[in-house]
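Text of target.pdb, listed as PDB, C-alpha atoms and all ligand atoms:
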ATOM      1  CA  MET A  13     -63.226 -96.611 -79.887
ATOM      2  CA  ALA A  14     -62.353 -93.967 -77.273
ATOM      3  CA  GLN A  15     -63.827 -91.272 -79.580
ATOM      4  CA  ASP A  16     -67.230 -93.027 -79.380
ATOM      5  CA  ARG A  17     -67.206 -92.695 -75.627
ATOM      6  CA  GLY A  18     -69.055 -89.879 -73.938
ATOM      7  CA  LEU A  19     -67.749 -87.709 -71.167
ATOM      8  CA  VAL A  20     -67.368 -89.027 -67.612
ATOM      9  CA  VAL A  21     -67.984 -86.194 -65.125
ATOM     10  CA  ILE A  22     -66.523 -86.931 -61.680
ATOM     11  CA  LYS A  23     -67.158 -84.611 -58.761
ATOM     12  CA  GLY A  24     -64.509 -84.598 -56.054
ATOM     13  CA  ALA A  25     -61.776 -85.999 -58.279
ATOM     14  CA  SER A  26     -58.695 -84.375 -56.727
ATOM     15  CA  ARG A  27     -58.043 -87.140 -54.185
ATOM     16  CA  GLY A  28     -59.503 -90.242 -52.543
ATOM     17  CA  ILE A  29     -62.202 -92.261 -54.278
ATOM     18  CA  GLY A  30     -62.808 -89.579 -56.932
ATOM     19  CA  ARG A  31     -59.187 -89.452 -58.018
ATOM     20  CA  ALA A  32     -59.040 -93.250 -58.266
ATOM     21  CA  LEU A  33     -62.249 -93.143 -60.329
ATOM     22  CA  ALA A  34     -60.781 -90.561 -62.721
ATOM     23  CA  ARG A  35     -57.713 -92.747 -63.231
ATOM     24  CA  ARG A  36     -59.815 -95.905 -63.775
ATOM     25  CA  PHE A  37     -62.084 -94.328 -66.385
ATOM     26  CA  GLU A  38     -59.126 -92.659 -68.144
ATOM     27  CA  GLU A  39     -57.301 -95.992 -68.207
ATOM     28  CA  ALA A  40     -60.329 -97.460 -69.993
ATOM     29  CA  GLY A  41     -60.113 -94.707 -72.633
ATOM     30  CA  HIS A  42     -62.919 -92.418 -71.446
ATOM     31  CA  PRO A  43     -62.609 -88.635 -71.605
ATOM     32  CA  VAL A  44     -62.944 -87.407 -67.999
ATOM     33  CA  LEU A  45     -64.005 -84.064 -66.539
ATOM     34  CA  ALA A  46     -62.457 -84.083 -63.056
ATOM     35  CA  VAL A  47     -64.075 -81.519 -60.758
ATOM     36  CA  ALA A  48     -62.825 -80.218 -57.378
ATOM     37  CA  ARG A  49     -62.082 -76.890 -55.712
ATOM     38  CA  THR A  50     -58.370 -77.606 -56.155
ATOM     39  CA  PRO A  51     -58.275 -80.070 -59.048
ATOM     40  CA  ALA A  52     -55.328 -82.420 -59.428
ATOM     41  CA  GLY A  53     -54.454 -80.864 -62.801
ATOM     42  CA  GLY A  54     -54.417 -82.260 -66.294
ATOM     43  CA  GLU A  55     -56.430 -81.548 -69.404
ATOM     44  CA  GLY A  56     -59.818 -82.552 -68.026
ATOM     45  CA  ALA A  57     -59.640 -80.730 -64.682
ATOM     46  CA  VAL A  58     -62.196 -78.118 -63.677
ATOM     47  CA  ALA A  59     -62.000 -75.942 -60.550
ATOM     48  CA  ALA A  60     -65.433 -75.479 -59.001
ATOM     49  CA  ASP A  61     -66.855 -75.178 -55.505
ATOM     50  CA  LEU A  62     -69.910 -77.425 -55.680
ATOM     51  CA  ALA A  63     -71.355 -76.088 -52.449
ATOM     52  CA  ARG A  64     -72.108 -72.918 -54.433
ATOM     53  CA  ARG A  65     -74.626 -72.417 -57.219
ATOM     54  CA  ASP A  66     -71.947 -70.807 -59.424
ATOM     55  CA  GLY A  67     -69.830 -73.956 -58.962
ATOM     56  CA  VAL A  68     -72.620 -76.075 -60.390
ATOM     57  CA  ALA A  69     -72.979 -73.590 -63.285
ATOM     58  CA  ALA A  70     -69.207 -73.778 -63.933
ATOM     59  CA  VAL A  71     -69.425 -77.556 -64.335
ATOM     60  CA  VAL A  72     -72.316 -77.239 -66.785
ATOM     61  CA  ALA A  73     -70.321 -74.652 -68.808
ATOM     62  CA  ALA A  74     -67.260 -76.934 -68.838
ATOM     63  CA  VAL A  75     -69.368 -79.866 -70.074
ATOM     64  CA  ARG A  76     -70.857 -77.729 -72.867
ATOM     65  CA  ALA A  77     -67.341 -76.622 -73.861
ATOM     66  CA  ARG A  78     -66.234 -80.248 -74.265
ATOM     67  CA  GLY A  79     -68.989 -80.680 -76.873
ATOM     68  CA  MET A  80     -69.774 -84.346 -76.215
ATOM     69  CA  PRO A  81     -72.625 -86.097 -74.434
ATOM     70  CA  VAL A  82     -72.243 -87.031 -70.783
ATOM     71  CA  GLU A  83     -72.081 -90.801 -70.494
ATOM     72  CA  VAL A  84     -71.474 -91.007 -66.734
ATOM     73  CA  LEU A  85     -72.035 -88.439 -63.979
ATOM     74  CA  ILE A  86     -70.528 -89.448 -60.626
ATOM     75  CA  ASN A  87     -71.718 -87.402 -57.661
ATOM     76  CA  ASN A  88     -68.797 -88.294 -55.409
ATOM     77  CA  ALA A  89     -67.659 -85.044 -53.741
ATOM     78  CA  GLY A  90     -68.549 -84.965 -50.080
ATOM     79  CA  MET A  91     -67.592 -83.593 -46.700
ATOM     80  CA  GLN A  92     -68.249 -84.772 -43.170
ATOM     81  CA  ALA A  93     -68.356 -82.382 -40.216
ATOM     82  CA  ALA A  94     -68.909 -83.281 -36.584
ATOM     83  CA  LEU A  95     -71.769 -81.441 -34.905
ATOM     84  CA  ASP A  96     -72.837 -81.638 -31.266
ATOM     85  CA  LEU A  97     -76.162 -79.812 -31.025
ATOM     86  CA  THR A  98     -75.852 -79.611 -27.238
ATOM     87  CA  ALA A  99     -72.522 -77.775 -27.355
ATOM     88  CA  PRO A 100     -72.585 -73.970 -26.897
ATOM     89  CA  GLU A 101     -70.665 -73.413 -30.156
ATOM     90  CA  ALA A 102     -73.280 -75.332 -32.232
ATOM     91  CA  GLU A 103     -75.002 -72.077 -33.182
ATOM     92  CA  ARG A 104     -71.812 -70.710 -34.687
ATOM     93  CA  GLU A 105     -71.617 -73.753 -36.936
ATOM     94  CA  ALA A 106     -74.671 -72.741 -39.019
ATOM     95  CA  ASP A 107     -72.486 -71.917 -42.037
ATOM     96  CA  THR A 108     -70.863 -75.363 -41.965
ATOM     97  CA  VAL A 109     -74.304 -76.989 -41.794
ATOM     98  CA  ALA A 110     -75.441 -75.071 -44.887
ATOM     99  CA  VAL A 111     -72.267 -75.919 -46.832
ATOM    100  CA  GLU A 112     -72.494 -79.602 -45.880
ATOM    101  CA  ILE A 113     -76.097 -79.864 -47.071
ATOM    102  CA  ALA A 114     -75.295 -77.894 -50.237
ATOM    103  CA  LEU A 115     -72.370 -80.157 -51.156
ATOM    104  CA  ASN A 116     -73.667 -83.555 -50.035
ATOM    105  CA  LEU A 117     -77.313 -83.242 -51.047
ATOM    106  CA  ALA A 118     -78.216 -80.150 -53.085
ATOM    107  CA  ALA A 119     -75.304 -80.324 -55.562
ATOM    108  CA  PRO A 120     -76.095 -83.869 -56.806
ATOM    109  CA  ILE A 121     -79.737 -82.855 -57.300
ATOM    110  CA  LEU A 122     -78.925 -79.572 -59.081
ATOM    111  CA  LEU A 123     -76.240 -81.120 -61.253
ATOM    112  CA  ALA A 124     -78.386 -84.083 -62.291
ATOM    113  CA  ARG A 125     -81.097 -81.645 -63.318
ATOM    114  CA  ALA A 126     -78.761 -79.227 -65.115
ATOM    115  CA  LEU A 127     -76.855 -81.935 -66.989
ATOM    116  CA  LEU A 128     -79.884 -83.999 -67.973
ATOM    117  CA  PRO A 129     -80.278 -82.341 -71.404
ATOM    118  CA  LEU A 130     -76.552 -82.936 -72.053
ATOM    119  CA  MET A 131     -76.635 -86.650 -71.213
ATOM    120  CA  ARG A 132     -76.576 -89.529 -73.667
ATOM    121  CA  GLN A 133     -80.179 -90.679 -73.951
ATOM    122  CA  PRO A 134     -80.519 -93.606 -73.861
ATOM    123  CA  GLY A 135     -77.330 -95.017 -72.315
ATOM    124  CA  ALA A 136     -76.087 -92.570 -69.675
ATOM    125  CA  THR A 137     -75.556 -93.466 -66.009
ATOM    126  CA  ILE A 138     -75.753 -91.262 -62.908
ATOM    127  CA  VAL A 139     -73.875 -92.568 -59.859
ATOM    128  CA  ASN A 140     -74.612 -91.115 -56.429
ATOM    129  CA  VAL A 141     -72.060 -91.988 -53.756
ATOM    130  CA  THR A 142     -73.893 -92.347 -50.434
ATOM    131  CA  SER A 143     -72.714 -94.133 -47.284
ATOM    132  CA  LEU A 144     -73.826 -96.730 -44.738
ATOM    133  CA  VAL A 145     -74.739 -93.763 -42.499
ATOM    134  CA  SER A 146     -77.713 -93.247 -44.847
ATOM    135  CA  ARG A 147     -79.148 -96.395 -43.169
ATOM    136  CA  HIS A 148     -77.332 -96.211 -39.824
ATOM    137  CA  PRO A 149     -76.881 -92.549 -38.855
ATOM    138  CA  LYS A 150     -73.649 -91.608 -37.122
ATOM    139  CA  PRO A 151     -74.477 -89.729 -33.892
ATOM    140  CA  SER A 152     -71.423 -87.443 -34.123
ATOM    141  CA  ALA A 153     -72.147 -86.442 -37.746
ATOM    142  CA  PRO A 154     -75.927 -85.853 -37.893
ATOM    143  CA  VAL A 155     -75.907 -83.479 -40.873
ATOM    144  CA  TYR A 156     -73.672 -85.756 -42.941
ATOM    145  CA  SER A 157     -75.904 -88.729 -42.075
ATOM    146  CA  ALA A 158     -79.071 -86.813 -42.963
ATOM    147  CA  GLY A 159     -77.543 -85.616 -46.237
ATOM    148  CA  LYS A 160     -76.572 -89.149 -47.247
ATOM    149  CA  ALA A 161     -80.020 -90.501 -46.271
ATOM    150  CA  GLY A 162     -81.542 -87.758 -48.424
ATOM    151  CA  LEU A 163     -79.237 -88.616 -51.311
ATOM    152  CA  ALA A 164     -80.127 -92.316 -51.075
ATOM    153  CA  SER A 165     -83.815 -91.412 -51.181
ATOM    154  CA  PHE A 166     -83.309 -88.984 -54.079
ATOM    155  CA  THR A 167     -81.403 -91.704 -55.959
ATOM    156  CA  ALA A 168     -84.400 -94.045 -55.745
ATOM    157  CA  SER A 169     -86.833 -91.365 -57.007
ATOM    158  CA  LEU A 170     -84.475 -90.330 -59.800
ATOM    159  CA  ARG A 171     -84.089 -93.941 -60.943
ATOM    160  CA  HIS A 172     -87.834 -94.152 -61.565
ATOM    161  CA  GLN A 173     -88.046 -90.724 -63.227
ATOM    162  CA  LEU A 174     -85.171 -91.348 -65.649
ATOM    163  CA  ALA A 175     -85.935 -94.968 -66.570
ATOM    164  CA  PRO A 176     -88.172 -93.930 -69.498
ATOM    165  CA  LEU A 177     -85.249 -91.878 -70.911
ATOM    166  CA  GLY A 178     -82.936 -94.899 -70.787
ATOM    167  CA  ILE A 179     -80.715 -93.284 -68.128
ATOM    168  CA  ARG A 180     -79.588 -95.604 -65.339
ATOM    169  CA  VAL A 181     -79.186 -94.370 -61.780
ATOM    170  CA  MET A 182     -76.867 -96.210 -59.437
ATOM    171  CA  GLU A 183     -76.218 -95.867 -55.709
ATOM    172  CA  ALA A 184     -72.665 -96.585 -54.550
ATOM    173  CA  VAL A 185     -72.307 -97.378 -50.850
ATOM    174  CA  PRO A 186     -68.658 -97.483 -49.791
ATOM    175  CA  PRO A 187     -67.453 -99.360 -46.722
ATOM    176  CA  LEU A 188     -64.652 -97.591 -44.818
ATOM    177  CA  VAL A 189     -62.196 -96.418 -47.495
ATOM    178  CA  ASP A 190     -58.639 -95.267 -46.796
ATOM    179  CA  THR A 191     -58.834 -91.570 -47.760
ATOM    180  CA  ALA A 192     -58.344 -88.127 -46.200
ATOM    181  CA  MET A 193     -61.940 -88.302 -44.936
ATOM    182  CA  THR A 194     -61.187 -91.311 -42.715
ATOM    183  CA  GLU A 195     -57.626 -90.371 -41.740
ATOM    184  CA  GLY A 196     -56.775 -91.506 -38.216
ATOM    185  CA  ARG A 197     -59.927 -93.548 -37.636
ATOM    186  CA  GLY A 198     -61.399 -96.969 -38.319
ATOM    187  CA  ARG A 199     -59.956-100.354 -39.168
ATOM    188  CA  GLY A 200     -60.211-102.673 -42.146
ATOM    189  CA  LYS A 201     -60.295 -99.848 -44.696
ATOM    190  CA  ILE A 202     -60.231-100.736 -48.369
ATOM    191  CA  PRO A 203     -58.035 -98.746 -50.782
ATOM    192  CA  PRO A 204     -59.790 -96.076 -52.892
ATOM    193  CA  GLU A 205     -58.785 -97.998 -56.018
ATOM    194  CA  ALA A 206     -60.905-100.983 -54.870
ATOM    195  CA  MET A 207     -63.955 -98.733 -54.425
ATOM    196  CA  ALA A 208     -63.306 -97.120 -57.809
ATOM    197  CA  GLU A 209     -63.062-100.548 -59.456
ATOM    198  CA  ALA A 210     -66.404-101.603 -57.925
ATOM    199  CA  ILE A 211     -68.094 -98.450 -59.265
ATOM    200  CA  PHE A 212     -66.445 -98.834 -62.695
ATOM    201  CA  GLU A 213     -67.680-102.427 -62.933
ATOM    202  CA  GLY A 214     -71.139-101.475 -61.648
ATOM    203  CA  VAL A 215     -71.487 -98.830 -64.359
ATOM    204  CA  ALA A 216     -70.305-101.267 -67.058
ATOM    205  CA  LYS A 217     -72.815-103.899 -65.895
ATOM    206  CA  GLY A 218     -75.697-101.465 -65.343
ATOM    207  CA  ARG A 219     -76.133-102.298 -61.664
ATOM    208  CA  PRO A 220     -78.517-100.193 -59.545
ATOM    209  CA  LEU A 221     -76.446-100.670 -56.365
ATOM    210  CA  VAL A 222     -72.763-101.149 -55.671
ATOM    211  CA  ALA A 223     -71.658-101.947 -52.126
ATOM    212  CA  PRO A 224     -68.341-103.768 -51.830
ATOM    213  CA  GLY A 225     -66.967-105.583 -48.787
ATOM    214  CA  LEU A 226     -68.451-104.707 -45.411
ATOM    215  CA  ALA A 227     -71.059-102.418 -47.011
ATOM    216  CA  ARG A 228     -72.554-105.384 -48.872
ATOM    217  CA  ARG A 229     -72.628-107.476 -45.712
ATOM    218  CA  VAL A 230     -74.343-104.729 -43.691
ATOM    219  CA  LEU A 231     -76.994-104.157 -46.399
ATOM    220  CA  LEU A 232     -77.598-107.903 -46.580
ATOM    221  CA  LEU A 233     -77.978-108.191 -42.789
ATOM    222  CA  ASP A 234     -80.386-105.225 -42.855
ATOM    223  CA  ARG A 235     -82.564-107.192 -45.287
ATOM    224  CA  LEU A 236     -82.335-110.573 -43.590
ATOM    225  CA  LEU A 237     -82.299-109.505 -39.933
ATOM    226  CA  PRO A 238     -83.730-105.971 -39.680
ATOM    227  CA  GLY A 239     -82.655-104.255 -36.482
ATOM    228  CA  LEU A 240     -79.569-106.410 -35.875
ATOM    229  CA  VAL A 241     -76.952-103.910 -37.097
ATOM    230  CA  ALA A 242     -78.765-100.988 -35.450
ATOM    231  CA  GLY A 243     -78.774-102.943 -32.166
ATOM    232  CA  ILE A 244     -75.056-103.706 -32.414
ATOM    233  CA  LEU A 245     -74.265-100.060 -33.165
ATOM    234  CA  ALA A 246     -76.424 -98.844 -30.291
ATOM    235  CA  ARG A 247     -74.475-101.044 -27.874
ATOM    236  CA  SER A 248     -71.030-100.072 -29.259
TER     237      SER A 248
HETATM  238  N1  LIG B   1     -63.864 -92.649 -47.280
HETATM  239  C1  LIG B   1     -64.852 -93.371 -46.808
HETATM  240  O1  LIG B   1     -64.675 -94.290 -45.989
HETATM  241  C2  LIG B   1     -66.271 -93.104 -47.269
HETATM  242  C3  LIG B   1     -67.283 -93.923 -46.755
HETATM  243  C4  LIG B   1     -68.594 -93.699 -47.157
HETATM  244  C5  LIG B   1     -68.864 -92.714 -48.082
HETATM  245  N2  LIG B   1     -67.862 -91.931 -48.581
HETATM  246  C6  LIG B   1     -68.204 -90.915 -49.557
HETATM  247  O2  LIG B   1     -67.382 -91.057 -50.690
HETATM  248  C7  LIG B   1     -67.188 -89.792 -51.304
HETATM  249  C8  LIG B   1     -65.700 -89.548 -51.510
HETATM  250  O3  LIG B   1     -65.082 -89.579 -50.235
HETATM  251  P1  LIG B   1     -63.491 -89.603 -50.026
HETATM  252  O4  LIG B   1     -63.267 -90.426 -48.829
HETATM  253  O5  LIG B   1     -62.795 -89.925 -51.297
HETATM  254  O6  LIG B   1     -63.275 -88.078 -49.601
HETATM  255  P2  LIG B   1     -61.978 -87.133 -49.672
HETATM  256  O7  LIG B   1     -60.733 -87.923 -49.793
HETATM  257  O8  LIG B   1     -62.126 -86.175 -48.554
HETATM  258  O9  LIG B   1     -62.202 -86.370 -51.067
HETATM  259  C9  LIG B   1     -63.288 -85.505 -51.224
HETATM  260  C10 LIG B   1     -63.250 -84.912 -52.619
HETATM  261  O10 LIG B   1     -64.341 -83.969 -52.710
HETATM  262  C11 LIG B   1     -63.819 -82.706 -53.137
HETATM  263  N3  LIG B   1     -64.590 -81.626 -52.529
HETATM  264  C12 LIG B   1     -64.753 -81.358 -51.203
HETATM  265  N4  LIG B   1     -65.486 -80.255 -51.040
HETATM  266  C13 LIG B   1     -65.791 -79.802 -52.301
HETATM  267  C14 LIG B   1     -66.512 -78.679 -52.800
HETATM  268  N5  LIG B   1     -67.071 -77.783 -51.978
HETATM  269  N6  LIG B   1     -66.623 -78.530 -54.140
HETATM  270  C15 LIG B   1     -66.037 -79.422 -54.981
HETATM  271  N7  LIG B   1     -65.352 -80.510 -54.575
HETATM  272  C16 LIG B   1     -65.231 -80.673 -53.242
HETATM  273  C17 LIG B   1     -62.357 -82.699 -52.644
HETATM  274  O11 LIG B   1     -61.548 -81.835 -53.421
HETATM  275  P3  LIG B   1     -61.214 -80.305 -53.000
HETATM  276  O12 LIG B   1     -60.933 -80.307 -51.519
HETATM  277  O13 LIG B   1     -60.054 -79.962 -53.847
HETATM  278  O14 LIG B   1     -62.421 -79.517 -53.367
HETATM  279  C18 LIG B   1     -61.954 -84.155 -52.904
HETATM  280  O15 LIG B   1     -61.597 -84.326 -54.244
HETATM  281  C19 LIG B   1     -67.870 -88.759 -50.397
HETATM  282  O16 LIG B   1     -69.159 -88.449 -50.877
HETATM  283  C20 LIG B   1     -67.966 -89.493 -49.071
HETATM  284  O17 LIG B   1     -69.041 -89.008 -48.281
HETATM  285  C21 LIG B   1     -66.569 -92.112 -48.192
END
Target format structure tokens, applied to this file:
Amino acid sequence: MAQDRGLVVIKGASRGIGRALARRFEEAGHPVLAVARTPAGGEGAVAADLARRDGVAAVVAAVRARGMPVEVLINNAGMQAALDLTAPEAEREADTVAVEIALNLAAPILLARALLPLMRQPGATIVNVTSLVSRHPKPSAPVYSAGKAGLASFTASLRHQLAPLGIRVMEAVPPLVDTAMTEGRGRGKIPPEAMAEAIFEGVAKGRPLVAPGLARRVLLLDRLLPGLVAGILARS
């Protein structure tokens, strides 16, 4: 059974949501290619900096070396940097801006394109992990918010382009998840394993959108009462 399964490629699998995803798919018998700059180790780990073009190429080479079709590609790796454009040091942060856009937005686009010929057609799934900031930008993290909004938009275009090939494209919108990214802030965080389970189930059921907990409630309110959440956030 496991031999029939294609490869699950998970970006950002050394900790947090990505690591929980790698464990969940492995538990279900899938071969996993776990990508990070400092991978957690194990047979399926690949070291690659996805903010760099050669990092994307390294992932493609590793997939080719495994010699099996990609069944699931999860664009999960991400970073969030604070940026105050009015601060004098903002100019010095140009490199961080470029890296953030490369990792959060360009890498999912480049990897989807590069891995397309190596994907199971029909039957593969691409998962792009966005954020609620794609709909409600966070003032202190404007580049992160813009990158996630771009990724959400790209996800919708890609879904239409790949439908004729039988490749599903899913957006995963996490609520606040208890990981290194959210250390020391926020309340009511869900464990990374709960987010991983929601994505795993969404892939199995072929859902176009996965948004557990608070994320689902915010997206629902946005549909039913447009402007309400934005108004609450503006006053907070
Ligand atoms: N946590 C939340 O509440 C939350 C909410 C909304 C959306 N998200 C999104 O969910 C995704 C996962 O977040 P998380 O909270 O699990 O983050 P995390 O704990 O900080 O983990 C990020 C992962 O990305 C990898 N990574 C970072 N920079 C990389 C690079 N240049 N090249 C390759 N891999 C890189 C990290 O490994 P290395 O450092 O070893 O490279 C790590 O495995 C992100 O896209 C994030 O924006 C998270």
**OP:** Taking the file above as input, evaluate the PyMOL selection byres (((chain A and resi 150) around 12) and not hetatm) and report the hits as a ChimeraX atom specification.
**Re:** /A:92-96,143-149,151-161,242,245-246,248
Subject >> Expected selection as a PyMOL selection string for ligand LIG 1 (chain B) within 6 Å, all atoms listed in the file >> reply: chain A and resi 24-30+48-51+60-63+88-91+115+141-143+186-194
Subject >> Nearest-residue call for Gly56 (chain A), choices A:Leu177, A:Arg78, A:Gly162, A:Val72, using only C-alpha atoms >> reply: A:Arg78
Original post:
Evaluating the PyMOL selection byres (((chain A and resi 136) around 12) and not hetatm) on the displayed file yields which residues, as a PyMOL selection string?
Top reply: chain A and resi 17-21+81-86+124+127-135+137-139+171+174-175+177-182+215-216+218
Original post:
When you draw a straight line from CA of Arg64 (chain A) to CA of Ala114 (chain A), how long is it in Å?
Top reply: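 Interatomic distance here is 7.2 Å.
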Original post:
Looking at A:Ala59, A:Phe166, A:Ala69, A:Ile22, which one is nearest to Ala46 (chain A), with distances taken over only C-alpha atoms?
Top reply: A:Ile22
Could you check which residues have any atom within 7 Å of (-73.9, -101.9, -55.7), counting all atoms listed in the file with coordinates taken straight from the file, and then list them as a short mmCIF file (atom, residue, chain, number, x, y, z; two decimals) with C-alpha atoms, keeping the file's coordinate frame?
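part-v9.cif was written with the following content:
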data_model
loop_
_atom_site.label_atom_id
_atom_site.label_comp_id
_atom_site.auth_asym_id
_atom_site.auth_seq_id
_atom_site.Cartn_x
_atom_site.Cartn_y
_atom_site.Cartn_z
CA GLU A 183 -76.22 -95.87 -55.71
CA ALA A 184 -72.67 -96.58 -54.55
CA VAL A 185 -72.31 -97.38 -50.85
CA GLY A 214 -71.14 -101.48 -61.65
CA ARG A 219 -76.13 -102.30 -61.66
CA PRO A 220 -78.52 -100.19 -59.54
CA LEU A 221 -76.45 -100.67 -56.36
CA VAL A 222 -72.76 -101.15 -55.67
CA ALA A 223 -71.66 -101.95 -52.13
#
**OP:** Quick one: pull the distance between CA of Asn140 (chain A) and CA of Gly200 (chain A), Å, one decimal.
**Re:**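 Rounded to one decimal, the two atoms are 23.3 Å apart.
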Original post:
With distances taken over all atoms listed in the file, which of A:Ala77, A:Ala34, A:Leu117, A:Leu122 is nearest to Ala164 (chain A)?
Top reply: A:Leu117
Please reconstruct the missing atoms of region 63-77 of chain A (target: N, CA, C and O atoms) and return them as a compact mmCIF listing (two decimals), keeping the file's coordinate frame.
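This is the output file selection_8.txt:
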# COMPACT_ATOMS: atom_id res chain seq x y z
N ALA A 63 -70.42 -76.51 -53.49
CA ALA A 63 -71.36 -76.09 -52.45
C ALA A 63 -72.00 -74.77 -52.84
O ALA A 63 -72.87 -74.27 -52.15
N ARG A 64 -71.57 -74.21 -53.97
CA ARG A 64 -72.11 -72.92 -54.43
C ARG A 64 -72.82 -73.11 -55.77
O ARG A 64 -72.42 -73.92 -56.59
N ARG A 65 -73.87 -72.31 -55.96
CA ARG A 65 -74.63 -72.42 -57.22
C ARG A 65 -73.73 -72.11 -58.42
O ARG A 65 -73.86 -72.72 -59.47
N ASP A 66 -72.80 -71.13 -58.27
CA ASP A 66 -71.95 -70.81 -59.42
C ASP A 66 -70.97 -71.95 -59.73
O ASP A 66 -70.50 -72.07 -60.86
N GLY A 67 -70.69 -72.79 -58.72
CA GLY A 67 -69.83 -73.96 -58.96
C GLY A 67 -70.55 -74.96 -59.85
O GLY A 67 -69.96 -75.54 -60.78
N VAL A 68 -71.81 -75.16 -59.57
CA VAL A 68 -72.62 -76.08 -60.39
C VAL A 68 -72.69 -75.53 -61.83
O VAL A 68 -72.50 -76.27 -62.80
N ALA A 69 -72.90 -74.21 -61.95
CA ALA A 69 -72.98 -73.59 -63.28
C ALA A 69 -71.65 -73.74 -64.03
O ALA A 69 -71.63 -73.95 -65.25
N ALA A 70 -70.53 -73.65 -63.29
CA ALA A 70 -69.21 -73.78 -63.93
C ALA A 70 -69.02 -75.18 -64.52
O ALA A 70 -68.43 -75.34 -65.60
N VAL A 71 -69.54 -76.18 -63.82
CA VAL A 71 -69.42 -77.56 -64.33
C VAL A 71 -70.26 -77.70 -65.62
O VAL A 71 -69.79 -78.27 -66.61
N VAL A 72 -71.46 -77.15 -65.59
CA VAL A 72 -72.32 -77.24 -66.78
C VAL A 72 -71.62 -76.55 -67.97
O VAL A 72 -71.59 -77.10 -69.08
N ALA A 73 -71.02 -75.38 -67.73
CA ALA A 73 -70.32 -74.65 -68.81
C ALA A 73 -69.14 -75.48 -69.33
O ALA A 73 -68.92 -75.54 -70.55
N ALA A 74 -68.41 -76.13 -68.42
CA ALA A 74 -67.26 -76.93 -68.84
C ALA A 74 -67.71 -78.14 -69.67
O ALA A 74 -67.05 -78.51 -70.65
N VAL A 75 -68.84 -78.71 -69.30
CA VAL A 75 -69.37 -79.87 -70.07
C VAL A 75 -69.76 -79.40 -71.48
O VAL A 75 -69.42 -80.03 -72.48
N ARG A 76 -70.46 -78.27 -71.55
CA ARG A 76 -70.86 -77.73 -72.87
C ARG A 76 -69.62 -77.49 -73.73
O ARG A 76 -69.62 -77.80 -74.92
N ALA A 77 -68.56 -76.95 -73.11
CA ALA A 77 -67.34 -76.62 -73.86
C ALA A 77 -66.68 -77.88 -74.42
O ALA A 77 -66.03 -77.82 -75.47
